[in-house]
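Peer 1: One structure, pasted below without further comment.
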Amino acid sequence: EPRLHEKMGIDKRFRSIGIISDRIGAGPQIMAADEAVKATNTEIVSVELPRDTEGGAGHGCLIVFGAEDVSDARRAVEVTLKDLDRTFGDVWGNEVGYLELQYTARASYCLNKALGAPLGRAFGLILGAPAGIGLVMCDTALKAAEVEPFAYCSPSKGTSLTNECFIMVTGDSGAVRQSIISAREVGLKLLHSMGGKPQTSTVSYI
Amino acid sequence: EPRLHEKMGIDKRFRSIGIISDRIGAGPQIMAADEAVKATNTEIVSVELPRDTEGGAGHGCLIVFGAEDVSDARRAVEVTLKDLDRTFGDVWGNEVGYLELQYTARASYCLNKALGAPLGRAFGLILGAPAGIGLVMCDTALKAAEVEPFAYCSPSKGTSLTNECFIMVTGDSGAVRQSIISAREVGLKLLHSMGGKPQTSTVSYI
Amino acid sequence: EPRLHEKMGIDKRFRSIGIISDRIGAGPQIMAADEAVKATNTEIVSVELPRDTEGGAGHGCLIVFGAEDVSDARRAVEVTLKDLDRTFGDVWGNEVGYLELQYTARASYCLNKALGAPLGRAFGLILGAPAGIGLVMCDTALKAAEVEPFAYCSPSKGTSLTNECFIMVTGDSGAVRQSIISAREVGLKLLHSMGGKPQTSTVSYI
C-alpha cells in the first residue's frame, strides 16, 4: 500500500516486501538475512530491534526486505529462515544468561545497515549477557588477536536497553575468528561458573 | 503536594489527581480513559508507556487525570476501570503474540494527548505483535477502506521499544470500522497459523 | 585492553576494572557500590541500567569500578557483594509489584554519578512499581517531612522505560528517614490491597 510505503520510508520501486519478525534474538536473524541479501535480488529496507526475548535479557527483531518482484522477497525470507539453524549455532545459554558469537568472512548489506559492519570485510560479533560477562569477553577478544573494534555497545549505548555488552570487530579473517574463539572460551567458563553447562540449541559453526 | 506537582509539570489548579496504572496493556486503558474524560470534569495530565506486559511484547501504562475536585478525579478513575472490560474486547492473543484493535466514532482528549488522534473524529488502532504480524495488518487495513493513516509505529519508532507494529487511522467512521475489521481477520489468521486459536479475554466490540 | 578502555571512555590510569552486573535490581547495587567507593581506592567509571528484572517491571544493572591496582578493584567488588544483603532489605514485593526504599546518611560518588545525589548529604530513594503505587508514595514522602526532592522519575522520564515512579530526596537525615518510613507504610498497604502480603528477601534496615 503506497501510503504505508511512504510512512515506512520504503523506496517506491519495491513493490514487494519480505518480513522476518521474531521475539527471541536479533544477531542470528541479521546474519541469516545478510546471506539472503547476498543470494537474492533484494535490499534491506529496515532492521529494528525491540527490547524483547520473552522476558529475557536481549532483543527481538524485525527485518524488512524490499524487492521489485514478489518472488525475490519470498526467496529472501526462505533463505533467511533456512540459515537460522546455522546462525543460532554459537548462541550459548543457561539459566543465568547467554553468549552470542557470529562470524562471516564477508559482511554484506544487512550487517552493514543494521550494525555498521564494513562491507565486504570479515566481521565478528562477541556478546555476553548479563552485561558483565559481555564486558569481560570484549576485553578477551581484543587481547587475543590483532582485530579492529568498530563498535562497543552496552545497556545504555547502542542497544535497546538490553542487559548485554558486545563488541564488533573487523580485520584479517583469521584474526577475527581467533578473537571470537578466545572470547567464547572465556565466556563459556564465566557462564558455567554461575550456573549449568551452557548449551547451544543447534550446532556451533565457528 | 505542590513540589511534586511542579516536578510532574501539573497545572496548579488541579488539586486532585486520578491515577490509572497497570503492567499489561496501554491501548485499552487509553481508550477507557478517553471515555472518562468525555464523562467527567477532568483533564489528562500525562500518559506514559513503560516497556512492560510482564515479560510480554508490549507496553504497560500510567495515566494521570487532573481535577480541581477530588470527586471528579475519583469519578474519572471509576469510569475508566468500568470501561476496561469493553476496551479489552478486541485484544486477541495466543502463546505467539497478540492483536489489538480499537475503534471510537469520536476521539477525545486522552486519545489526542497520548496518540495524536484528531479530536472529535473517528479513530482506529490496528496493532499486531510480534511486529511482523502488525506490519501485514497495517497493509491490509489501508487496502481495505478509504482511511487516512495519521501515524505508523514500530519497535524503534513511536513505541517504548516494544515488539509491535501498528497504524492509527481516521476518516469516515464506516471506513475506519471496515479497515479495522479486515485487518483483524488477517491478523487472526496469521496468529492462528503460528499457534493456538487466538482468544479475547472479554467480548469483541468492533 | 587500551582500545576497549577508549571505546568505554575509561581514564587511562585505571589499569584494572571491577564489574558488578545483574539482571534484577539497580538501587541495591548502586547503594552497595556507594559503600564500596567509600571503603576502597576506586572510582566509579560507569553505571548503566538495562530494562530487565527477568520480565519484571524494573531495571538490571552494570556498574564498572576503575582502579589503578587490581587488588583495589577486587576489593570494591567484594565490598559491594557483601553489602547487597543489607541494601535489598527494603525491597518489598508480591505478585503485583514491589517497593524499594533506600537510605544513607552520607551519599558518596556512586550515588552521585548514577543518580545525581548531592555528595556527603543524606539521601533517600522512594520507589514503587507498578508506577501508580510509586506516584502515591512520592506524594506521601513529601507530605511526611521537610525534605528536598532533587529528582522525580517515571516510565518515560529518567528511567529505562520501567514501570516505576520514584522520587529521590535529600535534607536533614532525620527528615529523610521519616519521609521514607511514611512512604513505605503507604506503599506496603497499597501493594497488600492488590495481592499477597509484601515480603523482603532479607531484613529491613530503615
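Residues in the C-alpha cells are numbered from 1 in each chain, the chains being A, B, ... in the order shown, and ligands are numbered from 1 in the order shown.
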Per residue of chain C within 6 Å of chain B, what are the shortest atom pair and its distance in Å to one decimal, counting only C-alpha atoms, with rows by chain and residue number, as a Markdown table?

Peer 2:
| residue | atom | partner | partner_atom | distance |
| --- | --- | --- | --- | --- |
| C:Gly55 | CA | B:Gly55 | CA | 3.8 |
| C:Gly56 | CA | B:Glu54 | CA | 5.7 |
| C:Gly132 | CA | B:Ser21 | CA | 4.8 |
| C:Asp139 | CA | B:Glu1 | CA | 5.9 |
| C:Pro155 | CA | B:Pro50 | CA | 4.9 |
| C:Ser156 | CA | B:Glu48 | CA | 5.9 |
| C:Leu161 | CA | B:Pro50 | CA | 4.7 |
| C:Thr162 | CA | B:Pro50 | CA | 5.2 |
| C:Asn163 | CA | B:Pro50 | CA | 5.1 |

Peer 1: Only all heavy atoms, please: the residues just picked out, written as a short mmCIF file (atom, residue, chain, number, x, y, z; two decimals), in the first residue's frame.

Peer 2:
data_model
loop_
_atom_site.label_atom_id
_atom_site.label_comp_id
_atom_site.auth_asym_id
_atom_site.auth_seq_id
_atom_site.Cartn_x
_atom_site.Cartn_y
_atom_site.Cartn_z
N GLY C 55 11.87 -10.07 33.10
CA GLY C 55 10.46 -9.98 32.75
C GLY C 55 9.65 -9.14 33.73
O GLY C 55 8.48 -8.89 33.52
N GLY C 56 10.27 -8.69 34.81
CA GLY C 56 9.60 -7.86 35.80
C GLY C 56 9.50 -6.41 35.34
O GLY C 56 9.80 -6.08 34.19
N GLY C 132 1.90 3.57 39.36
CA GLY C 132 0.85 4.26 40.12
C GLY C 132 1.10 4.19 41.62
O GLY C 132 0.85 5.17 42.34
N ASP C 139 4.11 11.24 46.76
CA ASP C 139 3.27 12.27 47.37
C ASP C 139 3.34 12.17 48.89
O ASP C 139 3.53 13.17 49.59
CB ASP C 139 1.84 12.09 46.85
CG ASP C 139 0.91 13.21 47.31
OD1 ASP C 139 1.19 14.38 46.97
OD2 ASP C 139 -0.07 12.92 48.02
N PRO C 155 7.91 6.33 34.03
CA PRO C 155 8.23 5.43 32.91
C PRO C 155 8.93 6.08 31.73
O PRO C 155 9.80 5.47 31.12
CB PRO C 155 6.85 4.88 32.52
CG PRO C 155 6.09 4.85 33.80
CD PRO C 155 6.53 6.09 34.54
N SER C 156 8.56 7.33 31.41
CA SER C 156 9.22 7.93 30.25
C SER C 156 10.18 9.05 30.62
O SER C 156 10.61 9.82 29.77
CB SER C 156 8.17 8.45 29.26
OG SER C 156 7.38 9.43 29.87
N LEU C 161 12.54 3.11 30.72
CA LEU C 161 11.19 2.68 30.33
C LEU C 161 10.61 1.67 31.30
O LEU C 161 9.80 0.82 30.91
CB LEU C 161 11.18 2.11 28.90
CG LEU C 161 11.72 3.04 27.82
CD1 LEU C 161 11.84 2.28 26.49
CD2 LEU C 161 10.77 4.22 27.62
N THR C 162 11.01 1.71 32.57
CA THR C 162 10.47 0.78 33.56
C THR C 162 9.09 1.24 34.00
O THR C 162 8.70 2.39 33.81
CB THR C 162 11.37 0.71 34.80
OG1 THR C 162 11.50 2.01 35.37
CG2 THR C 162 12.75 0.18 34.45
N ASN C 163 8.36 0.32 34.62
CA ASN C 163 7.02 0.61 35.13
C ASN C 163 7.13 1.06 36.59
O ASN C 163 6.58 0.42 37.49
CB ASN C 163 6.13 -0.63 35.00
CG ASN C 163 4.65 -0.28 35.01
OD1 ASN C 163 4.27 0.77 35.53
ND2 ASN C 163 3.83 -1.14 34.45
#

Peer 1: Residues within 10 Å of region 144-154 of chain B, please, as a VMD selection string. Count only C-alpha atoms; anything in the same chain fewer than 3 positions from it doesn't count.

Peer 2: (chain A and resid 3 to 4 7 to 8 48 to 50 62) or (chain B and resid 115 to 118 123 to 127 131 to 132 134 to 135 138 to 141 157 to 183)

Peer 1: Quick one: residues within 10 Å of Asn41 (chain B), only C-alpha atoms counted, chain neighbours fewer than 4 positions away excluded, as a PyMOL selection string?

Peer 2: chain B and resi 36-37+65-69+71-73+75-76

Peer 1: Keeping C-alpha atoms for every residue in the selection just given, could you write it to a file as an mmCIF file, in the first residue's frame?

Peer 2:
data_model
loop_
_atom_site.group_PDB
_atom_site.id
_atom_site.type_symbol
_atom_site.label_atom_id
_atom_site.label_comp_id
_atom_site.auth_asym_id
_atom_site.auth_seq_id
_atom_site.Cartn_x
_atom_site.Cartn_y
_atom_site.Cartn_z
ATOM 1 C CA ALA B 36 -13.745 9.059 31.269
ATOM 2 C CA VAL B 37 -12.571 12.456 30.051
ATOM 3 C CA PHE B 65 -6.002 12.704 35.426
ATOM 4 C CA GLY B 66 -6.060 16.218 36.852
ATOM 5 C CA ALA B 67 -9.157 17.635 38.549
ATOM 6 C CA GLU B 68 -9.976 20.636 40.688
ATOM 7 C CA ASP B 69 -12.218 18.477 42.818
ATOM 8 C CA SER B 71 -14.747 13.630 43.426
ATOM 9 C CA ASP B 72 -14.097 14.364 39.751
ATOM 10 C CA ALA B 73 -10.740 12.605 39.882
ATOM 11 C CA ARG B 75 -15.136 9.516 39.096
ATOM 12 C CA ALA B 76 -12.693 9.540 36.162
#

Peer 1: What is the distance between CA of Asn94 (chain B) and CA of Ile133 (chain B), in Å to one decimal?

Peer 2: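 CA of Ile133 (chain B) lies 12.9 Å from CA of Asn94 (chain B).
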
Peer 1: Step one, run DSSP on the backbone; step two, keep only residues of region 123-179 of chain C assigned to strand (DSSP E); then write them as a ChimeraX atom specification.

Peer 2: /C:123-129,148-153,165-170
